[in-house]
file work_14.cif (mmCIF, N, CA and C atoms)
data_input
loop_
_atom_site.label_atom_id
_atom_site.label_comp_id
_atom_site.auth_asym_id
_atom_site.auth_seq_id
_atom_site.Cartn_x
_atom_site.Cartn_y
_atom_site.Cartn_z
N MET A 107 8.44 26.03 -8.18
CA MET A 107 7.46 24.97 -8.33
C MET A 107 7.91 23.75 -7.53
N ILE A 108 7.00 23.17 -6.80
CA ILE A 108 7.29 21.97 -6.02
C ILE A 108 6.98 20.75 -6.89
N LYS A 109 7.90 19.78 -6.85
CA LYS A 109 7.75 18.60 -7.71
C LYS A 109 8.21 17.35 -6.97
N ASN A 110 7.47 16.26 -7.12
CA ASN A 110 7.86 14.97 -6.56
C ASN A 110 8.61 14.20 -7.65
N LEU A 111 9.93 14.12 -7.52
CA LEU A 111 10.74 13.46 -8.54
C LEU A 111 10.52 11.95 -8.59
N VAL A 112 10.04 11.38 -7.50
CA VAL A 112 9.79 9.94 -7.49
C VAL A 112 8.73 9.58 -8.52
N GLU A 113 7.78 10.48 -8.74
CA GLU A 113 6.71 10.20 -9.70
C GLU A 113 7.26 9.91 -11.09
N GLU A 114 8.25 10.68 -11.53
CA GLU A 114 8.87 10.45 -12.83
C GLU A 114 9.52 9.07 -12.89
N HIS A 115 10.18 8.69 -11.82
CA HIS A 115 10.86 7.40 -11.79
C HIS A 115 9.85 6.25 -11.74
N VAL A 116 8.75 6.44 -11.04
CA VAL A 116 7.70 5.41 -11.00
C VAL A 116 7.09 5.25 -12.39
N LEU A 117 6.81 6.34 -13.07
CA LEU A 117 6.25 6.26 -14.42
C LEU A 117 7.20 5.54 -15.37
N ALA A 118 8.49 5.85 -15.27
CA ALA A 118 9.47 5.19 -16.14
C ALA A 118 9.58 3.70 -15.81
N ALA A 119 9.59 3.36 -14.54
CA ALA A 119 9.68 1.95 -14.15
C ALA A 119 8.45 1.19 -14.63
N PHE A 120 7.28 1.78 -14.46
CA PHE A 120 6.05 1.14 -14.91
C PHE A 120 6.07 0.92 -16.42
N GLY A 121 6.49 1.93 -17.16
CA GLY A 121 6.57 1.80 -18.62
C GLY A 121 7.51 0.69 -19.05
N ALA A 122 8.61 0.54 -18.35
CA ALA A 122 9.59 -0.50 -18.71
C ALA A 122 9.14 -1.88 -18.27
N LEU A 123 8.49 -1.98 -17.12
CA LEU A 123 8.16 -3.29 -16.56
C LEU A 123 6.86 -3.88 -17.10
N LYS A 124 5.88 -3.06 -17.41
CA LYS A 124 4.58 -3.59 -17.82
C LYS A 124 4.67 -4.40 -19.11
N GLN A 125 5.62 -4.09 -19.96
CA GLN A 125 5.75 -4.81 -21.22
C GLN A 125 6.18 -6.27 -21.01
N HIS A 126 6.71 -6.59 -19.83
CA HIS A 126 7.12 -7.95 -19.52
C HIS A 126 5.96 -8.80 -19.02
N TYR A 127 4.78 -8.20 -18.90
CA TYR A 127 3.60 -8.90 -18.38
C TYR A 127 2.44 -8.71 -19.36
N PRO A 128 2.44 -9.46 -20.46
CA PRO A 128 1.39 -9.28 -21.47
C PRO A 128 -0.01 -9.59 -20.95
N GLU A 129 -0.11 -10.35 -19.87
CA GLU A 129 -1.43 -10.66 -19.31
C GLU A 129 -1.98 -9.51 -18.47
N PHE A 130 -1.15 -8.51 -18.18
CA PHE A 130 -1.62 -7.34 -17.45
C PHE A 130 -2.50 -6.52 -18.38
N CYS A 131 -3.67 -6.15 -17.92
CA CYS A 131 -4.66 -5.43 -18.74
C CYS A 131 -4.05 -4.19 -19.37
N GLY A 132 -3.54 -3.29 -18.58
CA GLY A 132 -2.89 -2.10 -19.11
C GLY A 132 -3.82 -0.97 -19.53
N CYS A 133 -5.14 -1.12 -19.30
CA CYS A 133 -6.05 -0.03 -19.62
C CYS A 133 -5.73 1.16 -18.70
N GLN A 134 -6.32 2.30 -18.98
CA GLN A 134 -6.02 3.50 -18.18
C GLN A 134 -6.32 3.30 -16.71
N LEU A 135 -7.42 2.62 -16.39
CA LEU A 135 -7.80 2.41 -15.00
C LEU A 135 -6.80 1.49 -14.29
N CYS A 136 -6.43 0.39 -14.92
CA CYS A 136 -5.47 -0.53 -14.31
C CYS A 136 -4.09 0.12 -14.18
N ALA A 137 -3.66 0.86 -15.20
CA ALA A 137 -2.37 1.54 -15.14
C ALA A 137 -2.38 2.57 -14.00
N ALA A 138 -3.45 3.33 -13.90
CA ALA A 138 -3.55 4.32 -12.83
C ALA A 138 -3.55 3.65 -11.46
N ASP A 139 -4.21 2.49 -11.34
CA ASP A 139 -4.22 1.78 -10.07
C ASP A 139 -2.81 1.35 -9.66
N VAL A 140 -2.01 0.88 -10.61
CA VAL A 140 -0.63 0.48 -10.31
C VAL A 140 0.19 1.70 -9.90
N LEU A 141 0.03 2.79 -10.60
CA LEU A 141 0.80 4.00 -10.28
C LEU A 141 0.43 4.54 -8.91
N VAL A 142 -0.86 4.56 -8.60
CA VAL A 142 -1.30 5.05 -7.28
C VAL A 142 -0.81 4.10 -6.19
N PHE A 143 -0.93 2.80 -6.42
CA PHE A 143 -0.43 1.81 -5.46
C PHE A 143 1.03 2.08 -5.15
N THR A 144 1.82 2.27 -6.20
CA THR A 144 3.26 2.47 -6.03
C THR A 144 3.57 3.79 -5.33
N LEU A 145 2.97 4.86 -5.79
CA LEU A 145 3.26 6.18 -5.22
C LEU A 145 2.84 6.28 -3.76
N ASN A 146 1.85 5.52 -3.36
CA ASN A 146 1.44 5.52 -1.96
C ASN A 146 2.38 4.70 -1.07
N ARG A 147 3.28 3.93 -1.66
CA ARG A 147 4.17 3.08 -0.90
C ARG A 147 5.64 3.48 -0.98
N VAL A 148 5.97 4.33 -1.91
CA VAL A 148 7.35 4.78 -2.07
C VAL A 148 7.46 6.20 -1.47
N PRO A 149 8.47 6.44 -0.63
CA PRO A 149 8.59 7.78 -0.05
C PRO A 149 8.78 8.84 -1.14
N PRO A 150 8.03 9.94 -1.05
CA PRO A 150 8.18 11.00 -2.05
C PRO A 150 9.51 11.73 -1.88
N ARG A 151 9.97 12.34 -2.94
CA ARG A 151 11.18 13.17 -2.91
C ARG A 151 10.81 14.50 -3.56
N TYR A 152 10.36 15.44 -2.76
CA TYR A 152 9.95 16.74 -3.26
C TYR A 152 11.14 17.66 -3.40
N VAL A 153 11.13 18.45 -4.47
CA VAL A 153 12.16 19.46 -4.69
C VAL A 153 11.47 20.77 -5.09
N ALA A 154 12.17 21.87 -4.84
CA ALA A 154 11.64 23.18 -5.19
C ALA A 154 12.66 24.02 -5.95
N SER A 155 13.82 23.44 -6.23
CA SER A 155 14.85 24.20 -6.94
C SER A 155 15.64 23.27 -7.85
N LEU A 156 16.37 23.86 -8.75
CA LEU A 156 17.23 23.09 -9.65
C LEU A 156 18.31 22.35 -8.86
N GLU A 157 18.88 23.01 -7.87
CA GLU A 157 19.92 22.37 -7.07
C GLU A 157 19.37 21.14 -6.34
N GLY A 158 18.21 21.30 -5.74
CA GLY A 158 17.57 20.18 -5.04
C GLY A 158 17.24 19.06 -5.99
N SER A 159 16.84 19.42 -7.19
CA SER A 159 16.50 18.43 -8.20
C SER A 159 17.71 17.60 -8.59
N VAL A 160 18.84 18.25 -8.77
CA VAL A 160 20.07 17.55 -9.16
C VAL A 160 20.50 16.58 -8.07
N VAL A 161 20.52 17.03 -6.85
CA VAL A 161 20.94 16.18 -5.73
C VAL A 161 20.00 14.99 -5.59
N THR A 162 18.70 15.24 -5.69
CA THR A 162 17.72 14.18 -5.54
C THR A 162 17.80 13.19 -6.70
N GLU A 163 18.00 13.69 -7.92
CA GLU A 163 18.13 12.81 -9.08
C GLU A 163 19.32 11.87 -8.92
N VAL A 164 20.42 12.37 -8.41
CA VAL A 164 21.60 11.52 -8.19
C VAL A 164 21.25 10.41 -7.22
N ALA A 165 20.55 10.74 -6.14
CA ALA A 165 20.16 9.73 -5.16
C ALA A 165 19.19 8.71 -5.77
N LEU A 166 18.27 9.17 -6.58
CA LEU A 166 17.28 8.27 -7.18
C LEU A 166 17.88 7.39 -8.27
N GLU A 167 18.98 7.79 -8.85
CA GLU A 167 19.60 7.00 -9.91
C GLU A 167 20.42 5.84 -9.36
N LYS A 168 20.62 5.79 -8.07
CA LYS A 168 21.37 4.68 -7.49
C LYS A 168 20.58 3.40 -7.67
N ASP A 169 21.30 2.31 -7.87
CA ASP A 169 20.65 1.02 -8.13
C ASP A 169 19.67 0.63 -7.03
N GLN A 170 20.00 0.90 -5.78
CA GLN A 170 19.12 0.52 -4.67
C GLN A 170 17.78 1.26 -4.75
N SER A 171 17.80 2.54 -5.06
CA SER A 171 16.57 3.32 -5.18
C SER A 171 15.72 2.82 -6.33
N ARG A 172 16.36 2.55 -7.44
CA ARG A 172 15.61 2.04 -8.60
C ARG A 172 15.03 0.66 -8.31
N ALA A 173 15.79 -0.18 -7.64
CA ALA A 173 15.32 -1.53 -7.31
C ALA A 173 14.11 -1.46 -6.39
N GLU A 174 14.14 -0.58 -5.41
CA GLU A 174 13.01 -0.45 -4.49
C GLU A 174 11.74 -0.04 -5.24
N ILE A 175 11.87 0.90 -6.16
CA ILE A 175 10.72 1.34 -6.96
C ILE A 175 10.24 0.19 -7.84
N ASP A 176 11.16 -0.51 -8.50
CA ASP A 176 10.78 -1.63 -9.36
C ASP A 176 10.01 -2.69 -8.60
N VAL A 177 10.45 -3.02 -7.40
CA VAL A 177 9.79 -4.06 -6.60
C VAL A 177 8.35 -3.65 -6.29
N VAL A 178 8.14 -2.40 -5.93
CA VAL A 178 6.79 -1.94 -5.60
C VAL A 178 5.92 -1.88 -6.85
N VAL A 179 6.48 -1.46 -7.98
CA VAL A 179 5.71 -1.46 -9.24
C VAL A 179 5.29 -2.88 -9.60
N LEU A 180 6.21 -3.83 -9.49
CA LEU A 180 5.88 -5.22 -9.79
C LEU A 180 4.81 -5.76 -8.86
N GLU A 181 4.86 -5.40 -7.60
CA GLU A 181 3.83 -5.81 -6.65
C GLU A 181 2.48 -5.21 -7.06
N GLY A 182 2.50 -3.96 -7.48
CA GLY A 182 1.27 -3.32 -7.94
C GLY A 182 0.70 -4.00 -9.17
N ILE A 183 1.54 -4.33 -10.13
CA ILE A 183 1.07 -5.03 -11.33
C ILE A 183 0.44 -6.36 -10.94
N ARG A 184 1.08 -7.07 -10.03
CA ARG A 184 0.56 -8.37 -9.60
C ARG A 184 -0.80 -8.22 -8.92
N LYS A 185 -0.90 -7.27 -8.00
CA LYS A 185 -2.15 -7.09 -7.26
C LYS A 185 -3.29 -6.62 -8.16
N VAL A 186 -3.00 -5.68 -9.05
CA VAL A 186 -4.04 -5.18 -9.95
C VAL A 186 -4.46 -6.27 -10.93
N SER A 187 -3.51 -7.09 -11.38
CA SER A 187 -3.83 -8.19 -12.28
C SER A 187 -4.76 -9.21 -11.63
N MET A 188 -4.59 -9.39 -10.33
CA MET A 188 -5.41 -10.37 -9.62
C MET A 188 -6.85 -9.89 -9.45
N ALA A 189 -7.07 -8.59 -9.39
CA ALA A 189 -8.41 -8.04 -9.18
C ALA A 189 -8.55 -6.70 -9.90
N PRO A 190 -8.57 -6.72 -11.23
CA PRO A 190 -8.67 -5.46 -11.96
C PRO A 190 -10.03 -4.80 -11.77
N ARG A 191 -10.03 -3.51 -11.48
CA ARG A 191 -11.29 -2.80 -11.28
C ARG A 191 -12.02 -2.54 -12.59
N CYS A 192 -11.34 -2.71 -13.70
CA CYS A 192 -11.97 -2.47 -14.99
C CYS A 192 -12.94 -3.58 -15.37
N GLY A 193 -12.88 -4.68 -14.63
CA GLY A 193 -13.80 -5.79 -14.90
C GLY A 193 -13.35 -6.72 -16.00
N ARG A 194 -12.12 -6.62 -16.38
CA ARG A 194 -11.59 -7.49 -17.44
C ARG A 194 -11.78 -8.94 -17.04
N ALA A 195 -12.44 -9.68 -17.89
CA ALA A 195 -12.70 -11.11 -17.62
C ALA A 195 -11.43 -11.91 -17.88
N GLY A 196 -11.24 -12.91 -17.07
CA GLY A 196 -10.11 -13.81 -17.26
C GLY A 196 -8.79 -13.24 -16.82
N ALA A 197 -8.82 -12.18 -16.05
CA ALA A 197 -7.56 -11.61 -15.57
C ALA A 197 -6.89 -12.58 -14.62
N ARG A 198 -5.59 -12.63 -14.69
CA ARG A 198 -4.84 -13.51 -13.81
C ARG A 198 -3.55 -12.84 -13.41
N ALA A 199 -2.97 -13.33 -12.37
CA ALA A 199 -1.74 -12.74 -11.85
C ALA A 199 -0.57 -13.08 -12.76
N PRO A 200 0.37 -12.13 -12.91
CA PRO A 200 1.58 -12.45 -13.67
C PRO A 200 2.41 -13.52 -12.97
N ALA A 201 3.10 -14.31 -13.76
CA ALA A 201 3.94 -15.38 -13.20
C ALA A 201 5.13 -14.86 -12.50
#

call {"tool": "encode", "arguments": {"input": "work_14.cif", "output": "structure tokens"}}
result
Amino acid sequence: MIKNLVEEHVLAAFGALKQHYPEFCGCQLCAADVLVFTLNRVPPRYVASLEGSVVTEVALEKDQSRAEIDVVVLEGIRKVSMAPRCGRAGARAPA
């Protein structure tokens, strides 16, 4: 089975970071927009075996890799907050 391990890390980063922005809508549409924004900007890391998965996980666990993902997730939260497609009234960008 082919799997993009970055997707798991993006989901985890989004889950951890969104709670710091209570003004972020967080509905399914806005959450999906942030995830798509991030995944389209972070290079994928596809694996097809357990060995490949282990090596890739080690690389993704490095602080630099996590920081890069966090920065893009935060940018996505900011952009989606500024113009949520869900139509949430009074939406504003996180500080």

call {"tool": "resolve_selection", "arguments": {"input": "work_14.cif", "expression": "the PyMOL selection byres ((chain A and resi 145-152) around 6.5)", "output": "JSON, numbers by chain"}}
result
{"A": [108, 109, 110, 111, 112, 113, 140, 141, 142, 143, 144, 153, 154]}

call {"tool": "atom_distance", "arguments": {"input": "work_14.cif", "atom1": "atom CA of A:Cys192", "atom2": "atom CA of A:Tyr127"}}
result
17.2 Å

call {"tool": "atom_distance", "arguments": {"input": "work_14.cif", "atom1": "atom CA of A:Lys124", "atom2": "atom C of A:Gly182"}}
result
9.5 Å

call {"tool": "select_by_dssp", "arguments": {"input": "work_14.cif", "residues": "stretch 127-178 of chain A", "states": "alpha helix (DSSP H)", "output": "ChimeraX atom specification"}}
result
/A:134-145,156-166,169-178

call {"tool": "atom_distance", "arguments": {"input": "work_14.cif", "atom1": "atom CA of A:Gly132", "atom2": "atom C of A:Pro190"}}
result
10.6 Å

call {"tool": "closest_residue", "arguments": {"input": "work_14.cif", "among": "A:Leu123, A:Cys136, A:Gln170, A:Leu117", "to": "A:Ser187", "atoms": "only N, CA and C atoms"}}
result
A:Cys136

call {"tool": "axis_aligned_box", "arguments": {"input": "work_14.cif", "around": "stretch 171-179 of chain A", "padding_each_side": "3 Å", "output": "lines of an AutoDock Vina configuration file"}}
result
center_x = 11.5
center_y = -0.4
center_z = -7.0
size_x = 18.5
size_y = 13.4
size_z = 11.1

call {"tool": "residues_around", "arguments": {"input": "work_14.cif", "residues": "A:Gln125", "least_positions_apart": "5", "cutoff": "12 Å", "atoms": "only C-alpha atoms", "output": "compact mmCIF listing (two decimals) with N, CA and C atoms, keeping the file's coordinate frame"}}
result
# COMPACT_ATOMS: atom_id res chain seq x y z
N ALA A 118 8.49 5.85 -15.27
CA ALA A 118 9.47 5.19 -16.14
C ALA A 118 9.58 3.70 -15.81
N ALA A 119 9.59 3.36 -14.54
CA ALA A 119 9.68 1.95 -14.15
C ALA A 119 8.45 1.19 -14.63
N PHE A 120 7.28 1.78 -14.46
CA PHE A 120 6.05 1.14 -14.91
C PHE A 120 6.07 0.92 -16.42
N PHE A 130 -1.15 -8.51 -18.18
CA PHE A 130 -1.62 -7.34 -17.45
C PHE A 130 -2.50 -6.52 -18.38
N CYS A 131 -3.67 -6.15 -17.92
CA CYS A 131 -4.66 -5.43 -18.74
C CYS A 131 -4.05 -4.19 -19.37
N GLY A 132 -3.54 -3.29 -18.58
CA GLY A 132 -2.89 -2.10 -19.11
C GLY A 132 -3.82 -0.97 -19.53
N ALA A 137 -3.66 0.86 -15.20
CA ALA A 137 -2.37 1.54 -15.14
C ALA A 137 -2.38 2.57 -14.00
N LEU A 180 6.21 -3.83 -9.49
CA LEU A 180 5.88 -5.22 -9.79
C LEU A 180 4.81 -5.76 -8.86
N ILE A 183 1.54 -4.33 -10.13
CA ILE A 183 1.07 -5.03 -11.33
C ILE A 183 0.44 -6.36 -10.94
N PRO A 200 0.37 -12.13 -12.91
CA PRO A 200 1.58 -12.45 -13.67
C PRO A 200 2.41 -13.52 -12.97
